[in-house]
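Visitor: Quick one, work.cif (mmCIF, C-alpha atoms):
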data_run
#
loop_
_atom_site.group_PDB
_atom_site.id
_atom_site.type_symbol
_atom_site.label_atom_id
_atom_site.label_comp_id
_atom_site.auth_asym_id
_atom_site.auth_seq_id
_atom_site.Cartn_x
_atom_site.Cartn_y
_atom_site.Cartn_z
ATOM 1 C CA MET M 13 25.374 45.530 58.129
ATOM 2 C CA LYS M 14 27.578 46.621 55.263
ATOM 3 C CA PRO M 15 25.801 48.679 52.568
ATOM 4 C CA LEU M 16 25.994 45.946 49.911
ATOM 5 C CA SER M 17 25.286 42.945 52.137
ATOM 6 C CA GLY M 18 23.025 40.528 50.260
ATOM 7 C CA LYS M 19 23.887 42.054 46.890
ATOM 8 C CA VAL M 20 25.380 39.991 44.075
ATOM 9 C CA ALA M 21 27.831 41.595 41.660
ATOM 10 C CA LEU M 22 29.554 40.470 38.501
ATOM 11 C CA VAL M 23 32.828 42.182 37.643
ATOM 12 C CA ALA M 24 33.448 41.078 34.083
ATOM 13 C CA GLY M 25 37.141 41.573 33.482
ATOM 14 C CA GLY M 26 38.243 41.562 37.105
ATOM 15 C CA THR M 27 41.655 39.969 36.736
ATOM 16 C CA ARG M 28 43.708 43.133 37.172
ATOM 17 C CA GLY M 29 43.655 46.922 36.948
ATOM 18 C CA ALA M 30 40.414 48.786 37.549
ATOM 19 C CA GLY M 31 38.419 45.553 37.542
ATOM 20 C CA ARG M 32 40.402 44.195 40.461
ATOM 21 C CA GLY M 33 40.051 47.432 42.409
ATOM 22 C CA ILE M 34 36.306 47.505 41.773
ATOM 23 C CA ALA M 35 35.845 43.883 42.833
ATOM 24 C CA ILE M 36 37.759 44.450 46.075
ATOM 25 C CA GLU M 37 35.750 47.525 47.036
ATOM 26 C CA LEU M 38 32.412 45.900 46.225
ATOM 27 C CA GLY M 39 33.516 43.077 48.484
ATOM 28 C CA ALA M 40 34.572 45.519 51.200
ATOM 29 C CA ALA M 41 31.011 46.909 51.071
ATOM 30 C CA GLY M 42 29.669 43.391 51.702
ATOM 31 C CA ALA M 43 28.778 42.138 48.225
ATOM 32 C CA THR M 44 29.187 38.676 46.796
ATOM 33 C CA VAL M 45 31.421 39.283 43.781
ATOM 34 C CA TYR M 46 31.816 37.023 40.778
ATOM 35 C CA VAL M 47 35.194 37.786 39.221
ATOM 36 C CA THR M 48 35.667 36.728 35.623
ATOM 37 C CA GLY M 49 38.528 36.776 33.167
ATOM 38 C CA ARG M 50 40.679 34.451 31.114
ATOM 39 C CA THR M 51 43.783 34.168 33.289
ATOM 40 C CA THR M 52 43.756 31.568 36.055
ATOM 41 C CA ARG M 53 46.471 29.953 38.088
ATOM 42 C CA ALA M 54 46.360 27.069 35.613
ATOM 43 C CA GLU M 55 46.157 29.014 32.345
ATOM 44 C CA ARG M 56 47.132 32.457 31.073
ATOM 45 C CA SER M 57 45.384 34.545 28.440
ATOM 46 C CA GLU M 58 47.139 36.224 25.503
ATOM 47 C CA TYR M 59 48.229 38.915 27.976
ATOM 48 C CA ASN M 60 50.651 36.365 29.419
ATOM 49 C CA ARG M 61 50.631 38.190 32.739
ATOM 50 C CA PRO M 62 50.766 36.776 36.281
ATOM 51 C CA GLU M 63 47.581 38.319 37.726
ATOM 52 C CA THR M 64 44.736 35.792 38.059
ATOM 53 C CA ILE M 65 41.029 35.802 38.791
ATOM 54 C CA GLU M 66 41.688 33.594 41.831
ATOM 55 C CA ASP M 67 44.018 36.269 43.216
ATOM 56 C CA THR M 68 41.284 38.870 42.833
ATOM 57 C CA ALA M 69 38.672 36.633 44.468
ATOM 58 C CA GLU M 70 40.981 36.117 47.457
ATOM 59 C CA LEU M 71 41.457 39.888 47.778
ATOM 60 C CA VAL M 72 37.660 40.275 47.766
ATOM 61 C CA GLU M 73 37.479 37.791 50.641
ATOM 62 C CA GLN M 74 40.218 39.597 52.548
ATOM 63 C CA ALA M 75 38.282 42.848 52.139
ATOM 64 C CA GLY M 76 35.231 41.296 53.801
ATOM 65 C CA GLY M 77 33.163 40.120 50.851
ATOM 66 C CA THR M 78 32.606 36.820 49.111
ATOM 67 C CA GLY M 79 34.752 36.329 46.009
ATOM 68 C CA ILE M 80 33.956 33.735 43.362
ATOM 69 C CA ALA M 81 36.379 33.289 40.458
ATOM 70 C CA VAL M 82 34.994 31.907 37.195
ATOM 71 C CA ARG M 83 37.086 31.591 34.051
ATOM 72 C CA VAL M 84 35.123 33.102 31.168
ATOM 73 C CA ASP M 85 36.043 34.237 27.678
ATOM 74 C CA HIS M 86 33.464 36.983 27.210
ATOM 75 C CA LEU M 87 33.683 36.655 23.432
ATOM 76 C CA ASP M 88 32.118 33.210 23.734
ATOM 77 C CA PRO M 89 28.340 33.495 24.173
ATOM 78 C CA LEU M 90 28.079 29.928 25.491
ATOM 79 C CA GLN M 91 30.587 30.620 28.255
ATOM 80 C CA VAL M 92 28.811 33.825 29.248
ATOM 81 C CA GLU M 93 25.425 32.099 29.200
ATOM 82 C CA ALA M 94 26.819 29.363 31.455
ATOM 83 C CA LEU M 95 28.215 31.982 33.837
ATOM 84 C CA ILE M 96 24.848 33.678 34.233
ATOM 85 C CA ALA M 97 23.160 30.303 34.710
ATOM 86 C CA GLN M 98 25.648 29.611 37.512
ATOM 87 C CA ILE M 99 24.920 32.961 39.195
ATOM 88 C CA GLU M 100 21.185 32.316 38.926
ATOM 89 C CA SER M 101 21.529 28.799 40.315
ATOM 90 C CA GLU M 102 23.745 29.832 43.224
ATOM 91 C CA HIS M 103 22.105 33.137 44.174
ATOM 92 C CA GLY M 104 18.958 33.675 42.116
ATOM 93 C CA ARG M 105 19.749 37.313 41.450
ATOM 94 C CA LEU M 106 22.227 39.804 39.981
ATOM 95 C CA ASP M 107 22.258 43.337 41.369
ATOM 96 C CA ILE M 108 25.411 44.871 39.911
ATOM 97 C CA LEU M 109 27.058 44.315 36.543
ATOM 98 C CA VAL M 110 30.427 45.949 35.934
ATOM 99 C CA ASN M 111 31.569 45.628 32.324
ATOM 100 C CA ASP M 112 35.308 46.219 32.606
ATOM 101 C CA ILE M 113 36.532 43.820 29.903
ATOM 102 C CA TRP M 114 39.334 45.329 27.851
ATOM 103 C CA GLY M 115 42.404 43.351 26.867
ATOM 104 C CA GLY M 116 43.920 45.709 24.312
ATOM 105 C CA GLU M 117 46.911 47.350 26.013
ATOM 106 C CA TYR M 118 49.469 45.404 24.025
ATOM 107 C CA MET M 119 47.639 45.854 20.719
ATOM 108 C CA VAL M 120 47.443 49.650 20.577
ATOM 109 C CA GLU M 121 49.952 51.367 18.294
ATOM 110 C CA TRP M 122 49.942 54.911 19.651
ATOM 111 C CA ASN M 123 49.961 57.832 17.209
ATOM 112 C CA VAL M 124 49.978 55.459 14.236
ATOM 113 C CA PRO M 125 47.455 56.225 11.451
ATOM 114 C CA VAL M 126 44.905 53.566 10.604
ATOM 115 C CA TRP M 127 46.591 52.719 7.302
ATOM 116 C CA GLU M 128 49.790 51.828 9.152
ATOM 117 C CA HIS M 129 48.283 50.275 12.294
ATOM 118 C CA SER M 130 47.995 46.490 12.390
ATOM 119 C CA LEU M 131 44.531 45.669 11.080
ATOM 120 C CA GLU M 132 44.522 42.344 12.887
ATOM 121 C CA GLY M 133 45.487 43.958 16.185
ATOM 122 C CA GLY M 134 43.045 46.823 15.780
ATOM 123 C CA MET M 135 40.072 44.613 14.978
ATOM 124 C CA ARG M 136 40.947 42.257 17.818
ATOM 125 C CA MET M 137 41.026 45.268 20.147
ATOM 126 C CA LEU M 138 37.531 46.279 19.079
ATOM 127 C CA ARG M 139 36.195 42.767 19.575
ATOM 128 C CA LEU M 140 37.717 42.549 23.048
ATOM 129 C CA SER M 141 36.451 45.948 24.156
ATOM 130 C CA ILE M 142 33.045 46.215 22.464
ATOM 131 C CA ASP M 143 31.742 42.776 21.521
ATOM 132 C CA THR M 144 32.527 41.408 24.982
ATOM 133 C CA HIS M 145 30.436 44.090 26.679
ATOM 134 C CA ILE M 146 27.478 43.478 24.376
ATOM 135 C CA ILE M 147 27.603 39.694 24.760
ATOM 136 C CA THR M 148 27.833 39.989 28.536
ATOM 137 C CA SER M 149 24.918 42.409 28.714
ATOM 138 C CA ARG M 150 22.839 40.171 26.429
ATOM 139 C CA TYR M 151 22.961 37.291 28.921
ATOM 140 C CA ALA M 152 23.331 39.116 32.240
ATOM 141 C CA LEU M 153 20.577 41.717 31.964
ATOM 142 C CA PRO M 154 17.572 39.353 31.962
ATOM 143 C CA LEU M 155 18.678 38.280 35.443
ATOM 144 C CA LEU M 156 19.534 41.806 36.600
ATOM 145 C CA ILE M 157 16.176 43.322 35.622
ATOM 146 C CA ARG M 158 14.210 40.867 37.743
ATOM 147 C CA ASN M 159 14.677 43.246 40.665
ATOM 148 C CA PRO M 160 14.318 47.045 40.443
ATOM 149 C CA GLY M 161 17.397 48.973 41.501
ATOM 150 C CA GLY M 162 19.909 47.008 39.431
ATOM 151 C CA LEU M 163 23.074 48.837 38.382
ATOM 152 C CA VAL M 164 25.175 48.489 35.227
ATOM 153 C CA VAL M 165 28.544 50.236 35.088
ATOM 154 C CA GLU M 166 30.390 50.485 31.789
ATOM 155 C CA VAL M 167 34.061 51.180 32.493
ATOM 156 C CA THR M 168 35.941 53.162 29.863
ATOM 157 C CA ASP M 169 38.827 55.602 29.480
ATOM 158 C CA GLY M 170 37.858 59.268 29.312
ATOM 159 C CA THR M 171 34.730 61.213 30.107
ATOM 160 C CA GLN M 172 32.162 62.053 27.464
ATOM 161 C CA SER M 173 33.273 65.678 27.337
ATOM 162 C CA TYR M 174 36.964 64.823 27.114
ATOM 163 C CA ASN M 175 36.598 62.147 24.448
ATOM 164 C CA ASP M 176 34.280 64.344 22.381
ATOM 165 C CA ALA M 177 36.949 67.044 22.293
ATOM 166 C CA ASN M 178 40.078 64.936 21.900
ATOM 167 C CA TYR M 179 41.553 62.304 19.613
ATOM 168 C CA ARG M 180 42.599 59.375 21.805
ATOM 169 C CA LEU M 181 45.881 58.655 20.007
ATOM 170 C CA SER M 182 44.654 55.746 17.852
ATOM 171 C CA LEU M 183 41.545 55.298 15.721
ATOM 172 C CA TYR M 184 40.937 51.882 17.241
ATOM 173 C CA TYR M 185 41.485 52.997 20.825
ATOM 174 C CA ASP M 186 39.387 56.114 20.260
ATOM 175 C CA LEU M 187 36.548 54.043 18.837
ATOM 176 C CA ALA M 188 36.764 51.428 21.577
ATOM 177 C CA LYS M 189 36.594 53.870 24.469
ATOM 178 C CA THR M 190 34.028 56.207 22.903
ATOM 179 C CA SER M 191 31.753 53.280 21.995
ATOM 180 C CA ILE M 192 31.488 52.337 25.658
ATOM 181 C CA LEU M 193 30.191 55.811 26.485
ATOM 182 C CA ARG M 194 27.424 55.425 23.918
ATOM 183 C CA MET M 195 26.709 51.889 25.056
ATOM 184 C CA ALA M 196 25.995 53.136 28.566
ATOM 185 C CA LYS M 197 23.466 55.631 27.194
ATOM 186 C CA SER M 198 21.734 52.928 25.165
ATOM 187 C CA LEU M 199 21.608 50.531 28.103
ATOM 188 C CA ALA M 200 20.223 53.286 30.312
ATOM 189 C CA HIS M 201 17.371 53.776 27.851
ATOM 190 C CA GLU M 202 16.582 50.061 27.754
ATOM 191 C CA LEU M 203 16.853 49.541 31.516
ATOM 192 C CA THR M 204 14.777 52.526 32.639
ATOM 193 C CA PRO M 205 11.396 50.785 32.289
ATOM 194 C CA HIS M 206 12.698 48.086 34.643
ATOM 195 C CA GLY M 207 13.810 50.520 37.336
ATOM 196 C CA CYS M 208 17.501 49.860 36.702
ATOM 197 C CA THR M 209 20.365 52.246 35.995
ATOM 198 C CA ALA M 210 23.290 52.226 33.572
ATOM 199 C CA LEU M 211 26.132 54.725 33.321
ATOM 200 C CA SER M 212 29.775 54.930 32.271
ATOM 201 C CA VAL M 213 32.670 55.538 34.658
ATOM 202 C CA THR M 214 36.304 56.272 33.884
ATOM 203 C CA PRO M 215 39.274 56.119 36.218
ATOM 204 C CA GLY M 216 41.921 58.787 35.950
ATOM 205 C CA TRP M 217 45.569 58.016 35.314
ATOM 206 C CA LEU M 218 45.474 54.525 36.760
ATOM 207 C CA ARG M 219 48.334 52.915 38.633
ATOM 208 C CA SER M 220 47.475 49.500 37.274
ATOM 209 C CA GLU M 221 49.911 46.599 37.363
ATOM 210 C CA ILE M 222 50.776 47.218 33.713
ATOM 211 C CA MET M 223 51.272 50.966 34.144
ATOM 212 C CA LEU M 224 53.531 50.481 37.164
ATOM 213 C CA GLU M 225 55.535 47.991 35.141
ATOM 214 C CA VAL M 226 55.846 50.454 32.249
ATOM 215 C CA PHE M 227 57.417 52.973 34.611
ATOM 216 C CA GLY M 228 59.536 50.347 36.352
ATOM 217 C CA VAL M 229 58.114 51.057 39.807
ATOM 218 C CA THR M 230 55.995 49.369 42.457
ATOM 219 C CA GLU M 231 52.937 50.801 44.166
ATOM 220 C CA ASP M 232 54.997 51.514 47.287
ATOM 221 C CA LYS M 233 57.510 53.491 45.206
ATOM 222 C CA TRP M 234 55.195 54.901 42.531
ATOM 223 C CA GLN M 235 56.435 58.453 43.023
ATOM 224 C CA ASP M 236 59.824 57.369 41.680
ATOM 225 C CA ALA M 237 58.157 57.502 38.247
ATOM 226 C CA LEU M 238 57.741 61.290 38.500
ATOM 227 C CA GLU M 239 61.295 61.870 37.367
ATOM 228 C CA ARG M 240 60.394 60.225 34.055
ATOM 229 C CA GLU M 241 56.817 61.570 33.840
ATOM 230 C CA PRO M 242 56.035 64.459 36.236
ATOM 231 C CA HIS M 243 52.314 64.438 35.373
ATOM 232 C CA PHE M 244 52.082 60.935 36.845
ATOM 233 C CA ALA M 245 51.698 62.836 40.116
ATOM 234 C CA ILE M 246 47.932 62.925 39.454
ATOM 235 C CA SER M 247 47.693 59.121 39.243
ATOM 236 C CA GLU M 248 45.425 56.986 41.391
ATOM 237 C CA THR M 249 45.116 53.404 42.599
ATOM 238 C CA PRO M 250 42.523 50.995 41.131
ATOM 239 C CA ARG M 251 40.795 51.027 44.516
ATOM 240 C CA TYR M 252 39.767 54.669 43.984
ATOM 241 C CA ILE M 253 37.351 53.936 41.145
ATOM 242 C CA GLY M 254 36.300 50.847 43.094
ATOM 243 C CA ARG M 255 35.227 52.976 46.032
ATOM 244 C CA GLY M 256 33.300 55.250 43.718
ATOM 245 C CA ILE M 257 31.406 52.382 42.123
ATOM 246 C CA ALA M 258 30.697 50.819 45.515
ATOM 247 C CA ALA M 259 29.208 54.155 46.578
ATOM 248 C CA LEU M 260 27.053 54.219 43.450
ATOM 249 C CA ALA M 261 25.841 50.696 44.156
ATOM 250 C CA GLY M 262 24.861 51.678 47.679
ATOM 251 C CA ASP M 263 23.131 54.936 46.712
ATOM 252 C CA PRO M 264 19.325 54.657 47.026
ATOM 253 C CA ASP M 265 19.074 57.549 44.559
ATOM 254 C CA VAL M 266 21.457 56.023 42.005
ATOM 255 C CA SER M 267 18.930 56.550 39.204
ATOM 256 C CA ARG M 268 20.041 60.219 39.087
ATOM 257 C CA TRP M 269 23.159 58.919 37.293
ATOM 258 C CA ARG M 270 21.163 57.203 34.565
ATOM 259 C CA GLY M 271 22.915 57.462 31.185
ATOM 260 C CA ARG M 272 25.622 59.789 32.472
ATOM 261 C CA SER M 273 29.378 59.751 32.034
ATOM 262 C CA THR M 274 31.354 60.289 35.212
ATOM 263 C CA SER M 275 34.817 59.730 36.638
ATOM 264 C CA SER M 276 36.456 58.441 39.782
ATOM 265 C CA GLY M 277 37.355 62.041 40.642
ATOM 266 C CA GLU M 278 33.783 63.300 40.339
ATOM 267 C CA LEU M 279 32.394 60.372 42.324
ATOM 268 C CA ALA M 280 34.957 61.030 45.044
ATOM 269 C CA LYS M 281 33.787 64.598 45.497
ATOM 270 C CA ILE M 282 30.092 63.722 45.501
ATOM 271 C CA TYR M 283 30.344 60.731 47.831
ATOM 272 C CA GLY M 284 33.213 61.942 50.019
ATOM 273 C CA ILE M 285 35.585 59.203 48.879
ATOM 274 C CA HIS M 286 39.379 59.209 49.144
ATOM 275 C CA ASP M 287 42.110 57.111 47.593
ATOM 276 C CA LEU M 288 44.233 54.805 49.759
ATOM 277 C CA ASP M 289 46.608 57.660 50.616
ATOM 278 C CA GLY M 290 43.765 59.939 51.702
ATOM 279 C CA SER M 291 43.882 62.128 48.589
ATOM 280 C CA GLN M 292 41.130 62.936 46.058
ATOM 281 C CA PRO M 293 42.763 62.969 42.598
ATOM 282 C CA ASP M 294 40.713 64.803 39.966
ATOM 283 C CA ALA M 295 42.646 63.539 36.970
ATOM 284 C CA TRP M 296 40.454 64.611 34.065
ATOM 285 C CA ARG M 297 40.262 68.226 35.216
ATOM 286 C CA TYR M 298 44.038 68.158 35.718
ATOM 287 C CA ILE M 299 44.688 66.602 32.312
ATOM 288 C CA THR M 300 42.598 69.283 30.620
ATOM 289 C CA GLU M 301 43.744 72.294 32.593
ATOM 290 C CA VAL M 302 47.397 71.414 33.225
ATOM 291 C CA GLN M 303 48.788 68.528 31.188
ATOM 292 C CA ASP M 304 47.093 69.189 27.839
ATOM 293 C CA ALA M 305 47.545 72.931 28.349
ATOM 294 C CA GLY M 306 51.305 72.415 28.386
ATOM 295 C CA LYS M 307 51.787 73.698 31.938
ATOM 296 C CA PRO M 308 54.418 72.338 34.343
ATOM 297 C CA ALA M 309 53.269 69.441 36.501
ATOM 298 C CA ASP M 310 51.628 70.736 39.635
ATOM 299 C CA VAL M 311 48.800 68.828 41.327
ATOM 300 C CA THR M 312 48.026 71.592 43.816
ATOM 301 C CA GLY M 313 44.240 71.861 43.951
ATOM 302 C CA TYR M 314 43.770 68.681 41.936
ATOM 303 C CA ARG M 315 44.266 66.010 44.590
#
Mind converting the file's structure to structure tokens?

Guide:
Amino acid sequence: MKPLSGKVALVAGGTRGAGRGIAIELGAAGATVYVTGRTTRAERSEYNRPETIEDTAELVEQAGGTGIAVRVDHLDPLQVEALIAQIESEHGRLDILVNDIWGGEYMVEWNVPVWEHSLEGGMRMLRLSIDTHIITSRYALPLLIRNPGGLVVEVTDGTQSYNDANYRLSLYYDLAKTSILRMAKSLAHELTPHGCTALSVTPGWLRSEIMLEVFGVTEDKWQDALEREPHFAISETPRYIGRGIAALAGDPDVSRWRGRSTSSGELAKIYGIHDLDGSQPDAWRYITEVQDAGKPADVTGYR
């Protein structure tokens, strides 16, 4: 028996990046995983990228789980309500909710003050990253709380301590990622009486499809990007945070994480997890102690 056999998970925003890695690893642990997003093989979202929810669902199956792709715009309450009704009809339960909806990479104007940043793009970013999580929780949690032990993971960028101490290079981006941290605390408070747990988790420097494309490399040749950005040496695959969240979902004492902010690197150390190459990147400690400190790139002791 795999640790998550019989469990039903929803990875909201599982088309690519961290969401895809999380869905695959939940499947590898035996879960049935609903993968949602707006890009299908028949229709692309505003991202206009090739990754699809069907691709992710197939990777879940290949990993040993059951993958179910459902096209959902998480800004549309009716679509989200229909999704949850489908999960209830087909399985009668929801054990794990991963809110990984984002969608703002191409809207962020880095190091641009709010009075110069596109208002339309900034507000759209906030809707995609905050409103979607709230709408999804509104409809998913009544099903999740039917059984004690349910888990809600809010995926963000940056730990609580890091984001409290640092400006995240755009007012809109800063607000989006910090809001998710607070959302996890609020959900933890509301879920506690039902015996369920909520927390926030951040990956480190993620080798997502978009990030690899930015550096002009593939996953097999990711180290070629170090010539352009030496600190990319601390980067990790999307499967790394996926393994951490799968470990959380299988932890009988998961309530100890209630309301906390953690990272893929911290989860790896606590649960004995490694990335696909066998390493244990601790990106946020590295970013603070090496990258932000202006030191030369050196991952010794950090992965």

Visitor: Kindly resolve the PyMOL selection byres ((chain M and resi 86) around 7) on the present coordinates and return the residues as a VMD selection string.

Guide: chain M and resid 84 to 85 87 to 89 92 144 147 to 148

Visitor: Find the spatial neighbours of segment 179-181 of chain M, counting all atoms listed in the file, within a cut-off of 7 Å - ignore same-chain residues fewer than 4 positions away - and output them as a list in words.

Guide: Trp122, Asn123, Asn175, Tyr185 and Asp186 of chain M

Visitor: Expand the PyMOL selection byres ((chain M and resi 36) around 9) into the explicit residue set it covers here, and present it as number ranges by chain.

Guide: M: 31-35, 37-41, 45, 68-69, 71-77, 79, 251, 254-255

Visitor: Please determine, counting all atoms listed in the file, which residue among M:Glu248, M:Ile108, M:Ile282, M:Arg194 has the shortest atom-to-atom distance to Arg219 of chain M.

Guide: M:Glu248

Visitor: May I have the residues within 8 Å of Asp169 of chain M as a list of chain:residue names, using all atoms listed in the file and disregarding those fewer than 2 positions away in the same chain?

Guide: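 Contacts, in chain order: M:Val167, M:Thr171, M:Lys189, M:Thr214, M:Pro215, M:Gly216.
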
Visitor: From the set M:Thr312, M:Thr190, M:Ser130, M:Thr274, which residue has the shortest atom-to-atom contact distance to Gln292 of chain M, counting all atoms listed in the file?

Guide: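 Among M:Thr312, M:Thr190, M:Ser130, M:Thr274, it is M:Thr312 that comes nearest to Gln292 of chain M.
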
Visitor: Carefully work through the PyMOL selection byres ((chain M and resi 133) around 10) for this structure and note down the residues it includes, as an mmCIF file with C-alpha atoms, keeping the file's coordinate frame.

Guide:
data_model
loop_
_atom_site.group_PDB
_atom_site.id
_atom_site.type_symbol
_atom_site.label_atom_id
_atom_site.label_comp_id
_atom_site.auth_asym_id
_atom_site.auth_seq_id
_atom_site.Cartn_x
_atom_site.Cartn_y
_atom_site.Cartn_z
ATOM 1 C CA GLY M 116 43.920 45.709 24.312
ATOM 2 C CA TYR M 118 49.469 45.404 24.025
ATOM 3 C CA MET M 119 47.639 45.854 20.719
ATOM 4 C CA VAL M 120 47.443 49.650 20.577
ATOM 5 C CA GLU M 121 49.952 51.367 18.294
ATOM 6 C CA HIS M 129 48.283 50.275 12.294
ATOM 7 C CA SER M 130 47.995 46.490 12.390
ATOM 8 C CA LEU M 131 44.531 45.669 11.080
ATOM 9 C CA GLU M 132 44.522 42.344 12.887
ATOM 10 C CA GLY M 134 43.045 46.823 15.780
ATOM 11 C CA MET M 135 40.072 44.613 14.978
ATOM 12 C CA ARG M 136 40.947 42.257 17.818
ATOM 13 C CA MET M 137 41.026 45.268 20.147
ATOM 14 C CA LEU M 138 37.531 46.279 19.079
ATOM 15 C CA ARG M 139 36.195 42.767 19.575
ATOM 16 C CA TYR M 184 40.937 51.882 17.241
#

Visitor: If I take atom CA of Thr230 of chain M and atom CA of Gly313 of chain M, how far is one from the other in Å, to one decimal?

Guide: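 Atom-to-atom, atom CA of Thr230 of chain M to atom CA of Gly313 of chain M, that is 25.4 Å.
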
Visitor: Would you mind telling me which residue in M:Trp127, M:Cys208, M:Glu63, M:Gly170 lies nearest to Leu106 of chain M when using all atoms listed in the file?

Guide: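 Checking each of M:Trp127, M:Cys208, M:Glu63, M:Gly170 against Leu106 of chain M, counting all atoms listed in the file, the winner is M:Cys208.
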
Visitor: Here is a test: counting all atoms listed in the file, which residue of M:Ala245, M:Ala196, M:Leu95, M:Leu218 is nearest to Val164 of chain M?

Guide: M:Ala196

Visitor: Please return segment 92-107 of chain M, rebuilt to N, CA, C and O atoms, as a PDB file, in the coordinates of the input.

Guide:
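Resulting contents of part-v9.pdb:
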ATOM      1  N   VAL M  92      29.498  32.770  28.499  1.00  0.00           N
ATOM      2  CA  VAL M  92      28.811  33.825  29.248  1.00  0.00           C
ATOM      3  C   VAL M  92      27.441  33.339  29.706  1.00  0.00           C
ATOM      4  O   VAL M  92      27.029  33.570  30.851  1.00  0.00           O
ATOM      5  N   GLU M  93      26.739  32.656  28.832  1.00  0.00           N
ATOM      6  CA  GLU M  93      25.425  32.099  29.200  1.00  0.00           C
ATOM      7  C   GLU M  93      25.558  31.133  30.369  1.00  0.00           C
ATOM      8  O   GLU M  93      24.743  31.156  31.308  1.00  0.00           O
ATOM      9  N   ALA M  94      26.600  30.304  30.354  1.00  0.00           N
ATOM     10  CA  ALA M  94      26.819  29.363  31.455  1.00  0.00           C
ATOM     11  C   ALA M  94      27.145  30.095  32.755  1.00  0.00           C
ATOM     12  O   ALA M  94      26.708  29.684  33.840  1.00  0.00           O
ATOM     13  N   LEU M  95      27.902  31.179  32.657  1.00  0.00           N
ATOM     14  CA  LEU M  95      28.215  31.982  33.837  1.00  0.00           C
ATOM     15  C   LEU M  95      26.946  32.517  34.490  1.00  0.00           C
ATOM     16  O   LEU M  95      26.768  32.424  35.709  1.00  0.00           O
ATOM     17  N   ILE M  96      26.079  33.098  33.685  1.00  0.00           N
ATOM     18  CA  ILE M  96      24.848  33.678  34.233  1.00  0.00           C
ATOM     19  C   ILE M  96      23.951  32.588  34.814  1.00  0.00           C
ATOM     20  O   ILE M  96      23.310  32.782  35.860  1.00  0.00           O
ATOM     21  N   ALA M  97      23.925  31.430  34.170  1.00  0.00           N
ATOM     22  CA  ALA M  97      23.160  30.303  34.710  1.00  0.00           C
ATOM     23  C   ALA M  97      23.714  29.891  36.070  1.00  0.00           C
ATOM     24  O   ALA M  97      22.949  29.548  36.990  1.00  0.00           O
ATOM     25  N   GLN M  98      25.023  29.932  36.227  1.00  0.00           N
ATOM     26  CA  GLN M  98      25.648  29.611  37.512  1.00  0.00           C
ATOM     27  C   GLN M  98      25.251  30.627  38.580  1.00  0.00           C
ATOM     28  O   GLN M  98      24.897  30.249  39.709  1.00  0.00           O
ATOM     29  N   ILE M  99      25.309  31.920  38.234  1.00  0.00           N
ATOM     30  CA  ILE M  99      24.920  32.961  39.195  1.00  0.00           C
ATOM     31  C   ILE M  99      23.453  32.789  39.602  1.00  0.00           C
ATOM     32  O   ILE M  99      23.106  32.878  40.786  1.00  0.00           O
ATOM     33  N   GLU M 100      22.610  32.512  38.622  1.00  0.00           N
ATOM     34  CA  GLU M 100      21.185  32.316  38.926  1.00  0.00           C
ATOM     35  C   GLU M 100      20.975  31.105  39.823  1.00  0.00           C
ATOM     36  O   GLU M 100      20.195  31.147  40.784  1.00  0.00           O
ATOM     37  N   SER M 101      21.680  30.021  39.523  1.00  0.00           N
ATOM     38  CA  SER M 101      21.529  28.799  40.315  1.00  0.00           C
ATOM     39  C   SER M 101      22.011  28.990  41.741  1.00  0.00           C
ATOM     40  O   SER M 101      21.384  28.513  42.693  1.00  0.00           O
ATOM     41  N   GLU M 102      23.134  29.701  41.905  1.00  0.00           N
ATOM     42  CA  GLU M 102      23.745  29.832  43.224  1.00  0.00           C
ATOM     43  C   GLU M 102      23.137  30.941  44.064  1.00  0.00           C
ATOM     44  O   GLU M 102      23.136  30.859  45.296  1.00  0.00           O
ATOM     45  N   HIS M 103      22.611  32.002  43.406  1.00  0.00           N
ATOM     46  CA  HIS M 103      22.105  33.137  44.174  1.00  0.00           C
ATOM     47  C   HIS M 103      20.730  33.642  43.750  1.00  0.00           C
ATOM     48  O   HIS M 103      20.106  34.412  44.473  1.00  0.00           O
ATOM     49  N   GLY M 104      20.298  33.296  42.541  1.00  0.00           N
ATOM     50  CA  GLY M 104      18.958  33.675  42.116  1.00  0.00           C
ATOM     51  C   GLY M 104      18.776  35.141  41.798  1.00  0.00           C
ATOM     52  O   GLY M 104      17.654  35.604  41.595  1.00  0.00           O
ATOM     53  N   ARG M 105      19.874  35.892  41.717  1.00  0.00           N
ATOM     54  CA  ARG M 105      19.749  37.313  41.450  1.00  0.00           C
ATOM     55  C   ARG M 105      21.088  37.865  40.969  1.00  0.00           C
ATOM     56  O   ARG M 105      22.145  37.270  41.192  1.00  0.00           O
ATOM     57  N   LEU M 106      21.036  39.032  40.331  1.00  0.00           N
ATOM     58  CA  LEU M 106      22.227  39.804  39.981  1.00  0.00           C
ATOM     59  C   LEU M 106      21.861  41.264  40.156  1.00  0.00           C
ATOM     60  O   LEU M 106      20.930  41.765  39.521  1.00  0.00           O
ATOM     61  N   ASP M 107      22.575  41.949  41.033  1.00  0.00           N
ATOM     62  CA  ASP M 107      22.258  43.337  41.369  1.00  0.00           C
ATOM     63  C   ASP M 107      23.176  44.348  40.692  1.00  0.00           C
ATOM     64  O   ASP M 107      22.765  45.482  40.440  1.00  0.00           O
TER      65      ASP M 107
END
